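Read the structure below first, then the notes.
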Amino acid sequence: MSNESLANLLKEERRFAPPAALAEQANVTAEAYERARADRLGFWAEQARRLSWDTEPTETLDWSNPPFAKWFADGKLNVAYNCVDRHVENGLGDRVALHFEGEPGDTRSITYAQLQSEVSRAANALVELGVRPGDRVAIYLPMIPETVVSMLACARIGAPHSVVFGGFSADALATRINDADARVVITADGGFRRGKPSALKPAVDEALTRPGTENVRSVLVVRRTGQEDIAWTEGRDVWWHDLVERQSDRHTPEAFDAEHPLFILYTSGTTGKPKGILHTSGGYLTQVSYTHHAVFDLKPESDVFWCTADVGWVTGHSYIVYGPLSNGATEVLYEGTPDTPHRGRWWEIVQKYGVTTLYTAPTAIRAAMKWGDDIPAKFDLSSLRILGSVGEPINPEAWVWYREHIGANRTPVVDTWWQTETGGIMISPLPGVTETKPGSAQVPVPGIAATVVDDEAREVPDGAGGYLVLTEPWPSMLRTIWGDDQRFLDTYWSRFEGRYFAGDGAKKDDDGDIWLLGRVDDVMLVSGHNISTTEVESALVSHPRVAEAAVVGATDPQTTQAICAFVILRGDGENADEAALVEELRAHVGKQLGPIAKPKRVLPVAELPKTRSGKIMRRLLRDVAEHRTLGDVTTLTDSSVMDLIQNKLPAAP
Ligand code: WT7
């Protein structure tokens, strides 16, 4: 990628200063950057003291065998004790930890004292099932309190969990059980989705017929939907309400080494076998606790935090379970989809619980934009004080809409960049410090070192683009790929000597702020220029008629690649002259970004192919644009979307 490549095509001039009142009371101020810069390891040692240690660490980082890091290696702690018991011991037992909102409308509010009893019972139950420290437990559950309880129960007894997203198939589950060699699976009869019960247990039954899953001795089953016809394997399957409820609600947490494995989480990846990302205890908990405190300015006594991610993704691990609970937060846990039973469901939940801090993904924000401003306007959203975004680059238009229509033009928006591999937030504005720029994650959080380099690993000057790298180890970094150290080295540490390669394109603006430009594989080469799909998409979304856009580079004999855009239009029934609108959109991009970025083709479509975590699968759109047979569609939420898109396309030349 050349330097003037990924050039500063998009000029975003809007700026938003932190609200004065928030800045005055902010948990973290500009001074934290200074302190961390002066003594990075000292800074993290100080953050580690946010936690309760059975044995205080004396050593911060052991980097004697890079890139295999050890953080706080001589310290010992219990992660679940830190997330639950210590708050009860500090007199906060009556504080609500979780406001659970089931999709059908059933609710449960669980205090820290109740959570302590439930986690203790579940820990005792797992011990009765023979789970020992180090044994892996697979968790395949919907978004219900038992999911959080199960994860904490595993942490409490030192059994690394491997949460598998409930929307994944039996095959995906079997692969993950096999790779982690799990001994117990925790599941449910089913969950509720789009107003209907959706079964889970049959997928477990099927997964356990596959080779490589023989070591699973027990399947612990939560009754959630109460469906009658559920297959049962005697001696293996056991109901949660039979086993867990009869346990003692006392369990003494044991202290484990800071580097004891906490969980394995598989990244879906578009190619090859999924990677089991390994996270450990002390460093991970330090960073998720600190970043939750700093980036969301959490005031545990008054805030109501809501992260809308599924617990099956890292966002749910770090910012539903470990970050918020280690900080003694009160949070919302919602089982369902944003549009069941109506498109105002999320805003209704914000109003009902007085949510102060909302953390969601650009795909959800763009969907809300498409559904219309009038929907959130019907609800009282005045409790909100900070909005967060994560998962993919957020288009400036979506960012501004979020701030305006959800945040009443008042709340800071924090665009947080990180990955399953980084464990916690790495690049983000701080709400009481940073003057924000729509569409940019801007600056590494205190204690984190990131930059942008070119092909030769040289740091690029301000105003230029290249690859995002992390230049210093960080506490919540992945420790390896489970069972595959070589793949860990090859994937992340071999591209640039001594630096972590994130796989994302990025640029620095004239102020040195970082803009994420999407996965490196998503960068297009047009007539010798590297153009980011993200920037063309943002230009399209800035047109009032475009709700959502996905851009790919299709092989082209003249220009190497040609820009092909798939767009979802706003406003139904106004498509009288589609051809004229398509021309207008091409011209609009040309005007915003320059003629080189003008798409060769713009195709209005009804839907875009998305993974279950909400990411657009550009690989499939590239297949369409290049008239190829489609690649693997199994991780799509809805594979019929691809038929609709293919039907729109003119036949192969
Ligand atoms: C990839 C990691 C981090 C939790 C959810 C995703 C993209 C994530 C942003 C952001 C631009 C982002 C990157 C990254 N990404 N956040 N704020 N701006 N891109 O975790 O599934 O491991 O995906 O998501 O491409 O590498 P993940």
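Scheme for the structure tokens: letters A, B, ... for chains in order shown; per-chain residue numbers from 1; ligand numbers from 1 in order shown.
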
### Task
Apply DSSP to the backbone of this structure and, from region 279-345 of chain A, keep only the residues in strand (DSSP E); write these as a PyMOL selection string.
chain A and resi 279-280+304-307+330-334

### Message
Just want the 12 Å neighbourhood of Tyr112 (chain A), counted on only C-alpha atoms, with same-chain residues fewer than 3 positions away dropped. Output as a ChimeraX atom specification.
### Response
/A:80-99,109,115-119,149,325-331

### Task
Let me have all residues with an atom within 7 Å of ligand 1, counting only C-alpha atoms and all ligand atoms, laid out as number ranges by chain.
A: 267, 313-315, 389-394, 415-421, 441, 502-504, 516-519

### Message
Need to verify the contact set: Ile448 (chain A), 9 Å, only C-alpha atoms, exclusion of same-chain residues closer than 2 positions in sequence. Can you return it as a list in words?
### Response
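My list of contacting residues is Ala36, Arg40, Met426, Ile427, Pro444, Val445, Pro446, Ala450, Leu470, Thr471, Glu472, Pro473 and Trp474 of chain A.
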
For the selection you just gave me, I'd like the residues written to a file as a CSV table (one decimal), in the first residue's frame, keeping N, CA and C atoms.
chain,number,residue,atom,x,y,z
A,36,ALA,N,0.6,7.8,31.9
A,36,ALA,CA,0.9,6.5,31.2
A,36,ALA,C,2.1,6.6,30.3
A,40,ARG,N,4.6,3.6,31.5
A,40,ARG,CA,3.5,2.8,31.0
A,40,ARG,C,3.2,1.6,32.0
A,426,MET,N,-9.0,-0.5,22.9
A,426,MET,CA,-7.6,0.0,22.7
A,426,MET,C,-7.6,1.4,22.2
A,427,ILE,N,-8.5,1.8,21.3
A,427,ILE,CA,-8.5,3.1,20.7
A,427,ILE,C,-9.9,3.7,20.8
A,444,PRO,N,-5.3,6.1,21.1
A,444,PRO,CA,-5.2,5.0,22.0
A,444,PRO,C,-5.5,5.4,23.4
A,445,VAL,N,-6.2,4.5,24.2
A,445,VAL,CA,-6.5,4.9,25.5
A,445,VAL,C,-5.2,4.9,26.3
A,446,PRO,N,-5.2,5.6,27.5
A,446,PRO,CA,-4.0,5.7,28.3
A,446,PRO,C,-3.4,4.3,28.5
A,450,ALA,N,-0.3,2.5,19.8
A,450,ALA,CA,-0.7,2.1,18.5
A,450,ALA,C,-0.2,3.1,17.5
A,470,LEU,N,0.0,-2.4,16.8
A,470,LEU,CA,0.1,-2.1,18.2
A,470,LEU,C,1.6,-2.3,18.6
A,471,THR,N,2.2,-1.3,19.2
A,471,THR,CA,3.6,-1.3,19.3
A,471,THR,C,4.2,-1.8,20.7
A,472,GLU,N,3.3,-1.9,21.7
A,472,GLU,CA,3.7,-2.4,23.0
A,472,GLU,C,2.7,-3.4,23.5
A,473,PRO,N,3.2,-4.4,24.3
A,473,PRO,CA,2.2,-5.4,24.8
A,473,PRO,C,1.2,-4.7,25.8
A,474,TRP,N,0.0,-5.2,25.9
A,474,TRP,CA,-1.0,-4.6,26.7
A,474,TRP,C,-1.6,-5.7,27.6

### Query
Between A:Leu525, A:Val355, A:Leu129, A:Val216, which one has atoms that come closest to Ser302 (chain A), using only C-alpha atoms?
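The closest residue to Ser302 (chain A) is A:Val355.
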